[in-house]
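Coordinates as given in run.cif (mmCIF, C-alpha atoms):
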data_coords
loop_
_atom_site.label_atom_id
_atom_site.label_comp_id
_atom_site.auth_asym_id
_atom_site.auth_seq_id
_atom_site.Cartn_x
_atom_site.Cartn_y
_atom_site.Cartn_z
CA ALA A 12 127.06 89.07 153.91
CA GLY A 13 129.72 86.37 153.90
CA LEU A 14 127.09 83.67 153.27
CA SER A 15 125.61 85.69 150.42
CA CYS A 16 129.04 86.20 148.87
CA GLY A 17 129.81 82.49 149.18
CA THR A 18 126.53 81.58 147.48
CA LYS A 19 127.30 83.93 144.59
CA LEU A 20 130.75 82.41 144.14
CA THR A 21 129.25 78.92 144.17
CA ASN A 22 126.87 79.89 141.37
CA VAL A 23 129.64 81.31 139.15
CA PRO A 24 130.74 77.92 137.67
CA LEU A 25 127.12 77.06 136.91
CA LEU A 26 126.61 80.39 135.16
CA LEU A 27 129.78 79.87 133.12
CA VAL A 28 128.75 76.44 131.83
CA ALA A 29 125.06 77.34 131.40
CA PRO A 30 125.44 78.60 127.77
CA GLN A 31 127.18 75.38 126.73
CA LEU A 32 124.58 73.27 128.53
CA LEU A 33 121.81 75.23 126.81
CA LEU A 34 123.40 74.74 123.38
CA THR A 35 123.87 71.03 124.06
CA ALA A 36 120.24 70.65 125.15
CA VAL A 37 118.83 72.60 122.17
CA PHE A 38 121.06 71.31 119.37
CA PHE A 39 121.87 67.76 120.56
CA LEU A 40 119.65 66.37 123.33
CA TRP A 41 116.35 67.64 121.93
CA PRO A 42 117.02 66.54 118.31
CA ALA A 43 118.34 63.20 119.58
CA GLY A 44 115.17 62.70 121.62
CA GLN A 45 113.05 63.60 118.60
CA ALA A 46 114.97 61.09 116.47
CA VAL A 47 114.49 58.33 119.05
CA TRP A 48 110.75 59.02 119.22
CA SER A 49 110.39 59.19 115.43
CA SER A 50 112.23 55.87 115.12
CA THR A 51 109.37 54.21 117.02
CA THR A 52 106.63 55.67 114.81
CA ARG A 53 105.46 55.27 111.25
CA GLN A 54 103.62 57.88 109.19
CA ASP A 55 100.78 57.28 106.81
CA ALA A 56 101.20 57.79 103.08
CA PHE A 57 100.11 61.44 103.30
CA GLY A 58 102.22 62.32 106.35
CA LEU A 59 99.16 63.48 108.29
CA ARG A 60 99.51 61.28 111.36
CA SER A 61 101.98 58.95 113.03
CA VAL A 62 101.37 55.52 114.53
CA PHE A 63 103.50 54.04 117.30
CA VAL A 64 105.11 50.81 116.05
CA GLY A 65 107.74 50.14 118.71
CA VAL A 66 110.86 48.46 117.33
CA GLU A 67 109.35 47.50 113.97
CA ASN A 68 111.44 50.10 112.14
CA PHE A 69 114.63 48.60 113.58
CA THR A 70 113.47 45.06 112.77
CA ASP A 71 112.72 46.02 109.19
CA LEU A 72 116.04 47.82 109.01
CA PHE A 73 118.27 44.91 109.94
CA THR A 74 116.31 42.45 107.81
CA ASP A 75 116.70 44.69 104.76
CA PRO A 76 119.56 43.42 102.53
CA LEU A 77 120.05 46.91 101.10
CA TYR A 78 120.73 48.29 104.58
CA ARG A 79 123.17 45.47 105.36
CA ASP A 80 124.96 46.25 102.11
CA SER A 81 125.16 49.91 103.19
CA ILE A 82 126.73 48.85 106.50
CA GLY A 83 129.47 46.91 104.72
CA ARG A 84 129.99 49.72 102.22
CA THR A 85 130.24 52.28 105.03
CA ALA A 86 132.70 50.13 106.99
CA PHE A 87 134.98 49.88 103.95
CA PHE A 88 134.63 53.58 103.18
CA CYS A 89 135.40 54.65 106.76
CA ALA A 90 138.41 52.34 107.02
CA ALA A 91 139.77 53.53 103.67
CA VAL A 92 139.30 57.23 104.45
CA ALA A 93 140.78 56.94 107.95
CA GLY A 94 143.73 54.83 106.80
CA LEU A 95 144.59 57.05 103.84
CA ALA A 96 144.13 60.36 105.70
CA ILE A 97 146.18 59.30 108.72
CA SER A 98 148.95 57.70 106.65
CA VAL A 99 149.43 60.74 104.40
CA ALA A 100 149.25 63.12 107.36
CA LEU A 101 151.83 61.06 109.25
CA LEU A 102 154.20 61.13 106.27
CA LEU A 103 153.81 64.90 105.81
CA ALA A 104 154.19 65.58 109.54
CA VAL A 105 157.41 63.58 109.73
CA PHE A 106 158.92 65.63 106.89
CA ALA A 107 157.57 68.94 108.26
CA ASP A 108 159.09 68.19 111.68
CA ARG A 109 162.59 68.28 110.22
CA GLU A 110 164.84 71.31 110.24
CA ILE A 111 164.27 72.48 106.68
CA LYS A 112 164.23 75.94 105.18
CA GLY A 113 160.76 77.48 104.97
CA ARG A 114 159.06 74.74 107.01
CA GLY A 115 156.70 77.35 108.48
CA TRP A 116 155.29 77.99 105.00
CA TYR A 117 154.96 74.26 104.36
CA ARG A 118 153.00 73.78 107.58
CA THR A 119 150.68 76.69 106.79
CA LEU A 120 149.95 75.41 103.27
CA LEU A 121 149.28 71.90 104.56
CA ILE A 122 146.73 73.22 107.08
CA TRP A 123 144.72 75.29 104.58
CA PRO A 124 142.55 72.48 103.11
CA TYR A 125 140.91 71.97 106.53
CA ALA A 126 139.17 75.34 106.13
CA ILE A 127 137.39 74.17 102.95
CA ALA A 128 133.80 72.97 103.28
CA PRO A 129 133.17 69.33 102.23
CA ALA A 130 130.93 70.32 99.32
CA VAL A 131 133.52 72.84 98.07
CA ALA A 132 136.24 70.20 98.33
CA ALA A 133 134.06 67.92 96.22
CA VAL A 134 133.71 70.61 93.55
CA LEU A 135 137.50 71.03 93.44
CA TRP A 136 137.96 67.30 92.88
CA LEU A 137 135.13 67.32 90.34
CA LEU A 138 137.06 69.89 88.29
CA VAL A 139 140.05 67.53 88.39
CA LEU A 140 138.48 64.08 87.94
CA HIS A 141 135.21 64.62 86.05
CA PRO A 142 135.36 62.58 82.81
CA GLN A 143 134.11 65.46 80.64
CA ILE A 144 135.32 68.67 82.31
CA GLY A 145 138.02 67.49 84.72
CA LEU A 146 141.65 68.11 83.81
CA LEU A 147 142.88 64.68 84.84
CA GLY A 148 139.67 62.91 83.79
CA ARG A 149 139.85 64.25 80.24
CA TRP A 150 143.57 63.45 80.05
CA LEU A 151 142.94 59.82 81.09
CA ASN A 152 140.21 59.37 78.50
CA ARG A 153 142.38 60.88 75.74
CA HIS A 154 145.11 58.37 76.56
CA GLY A 155 142.90 55.30 76.32
CA VAL A 156 141.91 54.88 79.96
CA ALA A 157 138.17 54.20 80.34
CA TRP A 158 137.67 56.72 83.10
CA ASP A 159 134.10 57.58 84.10
CA TYR A 160 133.34 57.43 87.80
CA LYS A 161 129.75 58.37 87.00
CA LEU A 162 129.31 54.86 85.56
CA GLN A 163 132.05 52.72 87.16
CA SER A 164 131.32 51.69 90.76
CA ALA A 165 134.94 51.05 91.77
CA GLN A 166 136.08 54.37 90.31
CA ALA A 167 133.27 56.21 92.10
CA MET A 168 134.24 54.72 95.46
CA GLY A 169 137.88 55.58 94.83
CA VAL A 170 137.01 59.18 93.99
CA VAL A 171 134.89 59.77 97.12
CA VAL A 172 137.53 58.09 99.32
CA LEU A 173 140.27 60.26 97.81
CA ALA A 174 138.29 63.50 98.14
CA SER A 175 137.15 62.74 101.68
CA ALA A 176 140.63 61.73 102.86
CA TRP A 177 142.22 64.83 101.28
CA LYS A 178 139.84 67.02 103.27
CA GLN A 179 140.87 65.38 106.58
CA VAL A 180 144.65 65.22 106.05
CA SER A 181 145.15 68.76 107.39
CA TYR A 182 143.33 68.00 110.66
CA ASN A 183 145.42 64.88 111.22
CA PHE A 184 148.59 66.74 110.27
CA ILE A 185 148.09 69.32 113.03
CA PHE A 186 147.73 66.71 115.77
CA ILE A 187 150.49 64.41 114.54
CA LEU A 188 152.94 67.29 114.18
CA ALA A 189 152.11 68.43 117.71
CA GLY A 190 152.65 64.87 118.91
CA LEU A 191 156.02 64.66 117.17
CA GLN A 192 157.13 67.94 118.69
CA SER A 193 156.12 66.76 122.18
CA ILE A 194 158.50 63.77 122.00
CA PRO A 195 161.62 64.60 124.04
CA ARG A 196 164.59 65.09 121.76
CA ALA A 197 166.75 63.32 124.36
CA VAL A 198 164.86 60.09 123.67
CA THR A 199 165.43 60.19 119.92
CA GLU A 200 169.06 61.25 120.38
CA ALA A 201 169.67 58.35 122.77
CA ALA A 202 168.12 55.95 120.25
CA ARG A 203 170.34 57.38 117.52
CA MET A 204 173.44 56.90 119.68
CA ASP A 205 172.38 53.30 120.36
CA GLY A 206 172.35 52.62 116.62
CA ALA A 207 168.61 52.93 115.91
CA ARG A 208 168.32 54.89 112.68
CA GLY A 209 165.72 55.69 110.07
CA TRP A 210 162.76 53.37 109.89
CA ARG A 211 163.87 51.31 112.91
CA ARG A 212 163.98 54.36 115.17
CA PHE A 213 160.62 55.55 113.87
CA ARG A 214 159.01 52.12 114.38
CA THR A 215 160.42 51.40 117.84
CA ILE A 216 160.55 54.90 119.38
CA THR A 217 158.48 57.50 117.57
CA LEU A 218 155.40 55.49 116.61
CA PRO A 219 154.78 53.98 120.10
CA LEU A 220 155.03 57.45 121.65
CA LEU A 221 152.45 58.67 119.14
CA GLY A 222 150.07 55.87 120.17
CA PRO A 223 147.55 58.01 122.13
CA THR A 224 147.47 60.62 119.36
CA MET A 225 146.95 57.99 116.67
CA ALA A 226 144.17 56.30 118.70
CA PHE A 227 142.40 59.64 119.10
CA LEU A 228 142.74 60.43 115.40
CA LEU A 229 141.48 56.98 114.42
CA VAL A 230 138.19 57.52 116.24
CA VAL A 231 137.86 61.10 114.98
CA ASN A 232 138.50 60.02 111.39
CA LEU A 233 136.01 57.16 111.58
CA VAL A 234 133.33 59.53 112.90
CA TYR A 235 134.24 62.07 110.22
CA ALA A 236 133.99 59.48 107.45
CA ALA A 237 130.66 58.23 108.76
CA PHE A 238 129.00 61.66 109.12
CA ASP A 239 130.85 64.66 107.70
CA THR A 240 131.44 63.23 104.24
CA PHE A 241 127.81 63.57 103.18
CA GLY A 242 128.45 66.86 101.36
CA THR A 243 131.42 65.39 99.50
CA ILE A 244 129.58 62.24 98.39
CA GLN A 245 126.40 64.10 97.48
CA ALA A 246 128.26 66.66 95.34
CA LEU A 247 130.48 64.10 93.60
CA THR A 248 128.27 61.06 93.01
CA GLY A 249 124.97 61.55 94.84
CA GLY A 250 125.42 58.04 96.23
CA GLY A 251 125.71 56.50 92.76
CA PRO A 252 126.21 54.99 90.34
CA GLY A 253 123.29 52.94 91.58
CA LYS A 254 124.11 52.54 95.27
CA ALA A 255 127.87 52.13 94.87
CA THR A 256 128.73 55.09 97.13
CA GLU A 257 125.57 55.14 99.26
CA THR A 258 126.97 55.14 102.78
CA LEU A 259 124.73 55.08 105.84
CA VAL A 260 124.54 58.86 106.14
CA VAL A 261 123.59 59.16 102.45
CA LYS A 262 120.94 56.47 102.92
CA VAL A 263 119.51 58.41 105.88
CA TYR A 264 119.13 61.43 103.59
CA ARG A 265 117.62 59.44 100.72
CA ASP A 266 115.11 57.60 102.88
CA GLY A 267 114.14 60.60 104.99
CA VAL A 268 114.28 63.58 102.63
CA VAL A 269 113.83 62.02 99.19
CA ASN A 270 111.57 59.03 99.95
CA LEU A 271 109.91 60.66 103.02
CA ASP A 272 110.19 57.47 105.10
CA LEU A 273 110.82 59.34 108.35
CA GLY A 274 110.47 56.32 110.63
CA SER A 275 113.13 54.29 108.87
CA SER A 276 115.39 57.33 108.45
CA SER A 277 115.13 58.13 112.17
CA ALA A 278 115.91 54.53 113.07
CA GLN A 279 119.03 54.70 110.91
CA SER A 280 120.03 57.95 112.64
CA VAL A 281 119.66 56.29 116.04
CA VAL A 282 121.85 53.39 114.93
CA LEU A 283 124.53 55.82 113.77
CA MET A 284 124.31 57.73 117.04
CA VAL A 285 124.76 54.54 119.07
CA ALA A 286 127.76 53.59 116.91
CA VAL A 287 129.43 56.96 117.54
CA VAL A 288 128.79 56.73 121.30
CA ALA A 289 130.32 53.23 121.30
CA LEU A 290 133.41 54.46 119.43
CA THR A 291 133.80 57.35 121.88
CA LEU A 292 133.56 55.03 124.89
CA ILE A 293 136.17 52.72 123.37
CA GLN A 294 138.44 55.71 122.82
CA PHE A 295 138.09 56.91 126.43
CA ARG A 296 138.68 53.40 127.74
CA PHE A 297 141.81 52.99 125.62
CA LEU A 298 143.24 56.38 126.58
CA GLY A 299 142.41 55.70 130.23
CA ARG A 300 144.43 52.50 130.10
CA ARG A 301 147.34 54.31 128.47
CA ARG A 302 147.36 56.92 131.25
CA ALA A 303 147.20 54.19 133.89
CA ASP A 304 150.15 52.39 132.32
#

Is it possible to give me this structure as structure tokens?
Amino acid sequence: AGLSCGTKLTNVPLLLVAPQLLLTAVFFLWPAGQAVWSSTTRQDAFGLRSVFVGVENFTDLFTDPLYRDSIGRTAFFCAAVAGLAISVALLLAVFADREIKGRGWYRTLLIWPYAIAPAVAAVLWLLVLHPQIGLLGRWLNRHGVAWDYKLQSAQAMGVVVLASAWKQVSYNFIFILAGLQSIPRAVTEAARMDGARGWRRFRTITLPLLGPTMAFLLVVNLVYAAFDTFGTIQALTGGGPGKATETLVVKVYRDGVVNLDLGSSSAQSVVLMVAVVALTLIQFRFLGRRRAD
């Protein structure tokens, strides 16, 4: 009876993690395996059969100047979104961490945008910045500013960066505020007594202690900008004008869903997956070093 009871207790952890393992296998491992297999095949013009082509899809991919342009465009977009979202969230978190009246309401209002879907966030910005129906867009055109992000490449990139970063500020704000509140007050008080005030205290005391949080958020924001901004870009610009806002995830959609080039689209998905895995490994390695230090 004791052996049977011990066996049942041993199986409890496995039973508890089994649902998560099943979800991971069904919604991640199986689709990832399908994408890897599709990246090594090429369909005929009618989509009736597939032919194994090995690494030809990847070779064609990295010799395509349009794909290389998309890589550079995506790198700029991800860096801009991550930098803007983290900087604004850091500024808001620093002010919200102070002893001010009604700061609970401020924190709640700053968190709300995170609950908005990317496509809905894009519609909100469209109502503000659209050159014909947007409040700010119409105002700019009435005052002599040639504003039309539907035609101007730089304006289009600025709009999608702004909308995507706005959506992520709330997420960053939560973590940075938690990081600020975890800093011992005795440390900041000692720095204040030693004469470190304002920006100097923030740069030499607060920011280094936020290092692990900022490193985590940097990776999360880069992954968000690379993947989760598809709805925002598609609703605002559709990747245009031309290919001005066609990031890698938008190109995957265009090649796979619109142009029905499933082999190339799958190869692009595999490249994105490898990039995310590499970023995650770098994050774990960095945080591991910080814990060791």

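Across the model, the gap from CA of Asp55 (chain A) to CA of Val269 (chain A) is 15.8 Å.
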
Quote the spacing between CA of Ile187 (chain A) and CA of Gly222 (chain A) in Å to one decimal place.
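Rounded to one decimal, the two atoms are 10.2 Å apart.
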
Residues picked by the PyMOL selection byres ((chain A and resi 189-194) around 8) here, as a list in words?
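Evaluating the PyMOL selection byres ((chain A and resi 189-194) around 8) on these coordinates yields Ala104, Val105, Asp108, Ile185, Phe186, Ile187, Leu188, Pro195, Arg196, Val198, Thr217, Leu220, Leu221 and Thr224 of chain A.
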
Report the closest atom pair, with its distance in Å rounded to one decimal, for each residue of region 177-216 of chain A that has an atom no farther than 12 Å from region 241-248 of chain A; count all atoms listed in the file, sort by chain and then rising residue number, and write it as a tab-separated table.
residue	atom	partner	partner_atom	distance
A:Trp177	CA	A:Thr243	CA	11.0
A:Lys178	CA	A:Thr243	CA	9.4
A:Gln179	CA	A:Thr243	CA	11.8

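All residues of protein, DNA or RNA that reach within 9 Å of Gly251 (chain A), judged by only C-alpha atoms and not counting those fewer than 6 positions away in the chain, are Lys161, Leu162, Ser164, Ala167, Ile244, Gln245 and Glu257 of chain A.
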
Please determine, counting only C-alpha atoms, which residue among A:Phe227, A:Ile122, A:Ser81, A:Phe213 has the shortest atom-to-atom distance to Leu103 (chain A).
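Nearest candidate to Leu103 (chain A) out of A:Phe227, A:Ile122, A:Ser81, A:Phe213: A:Ile122.
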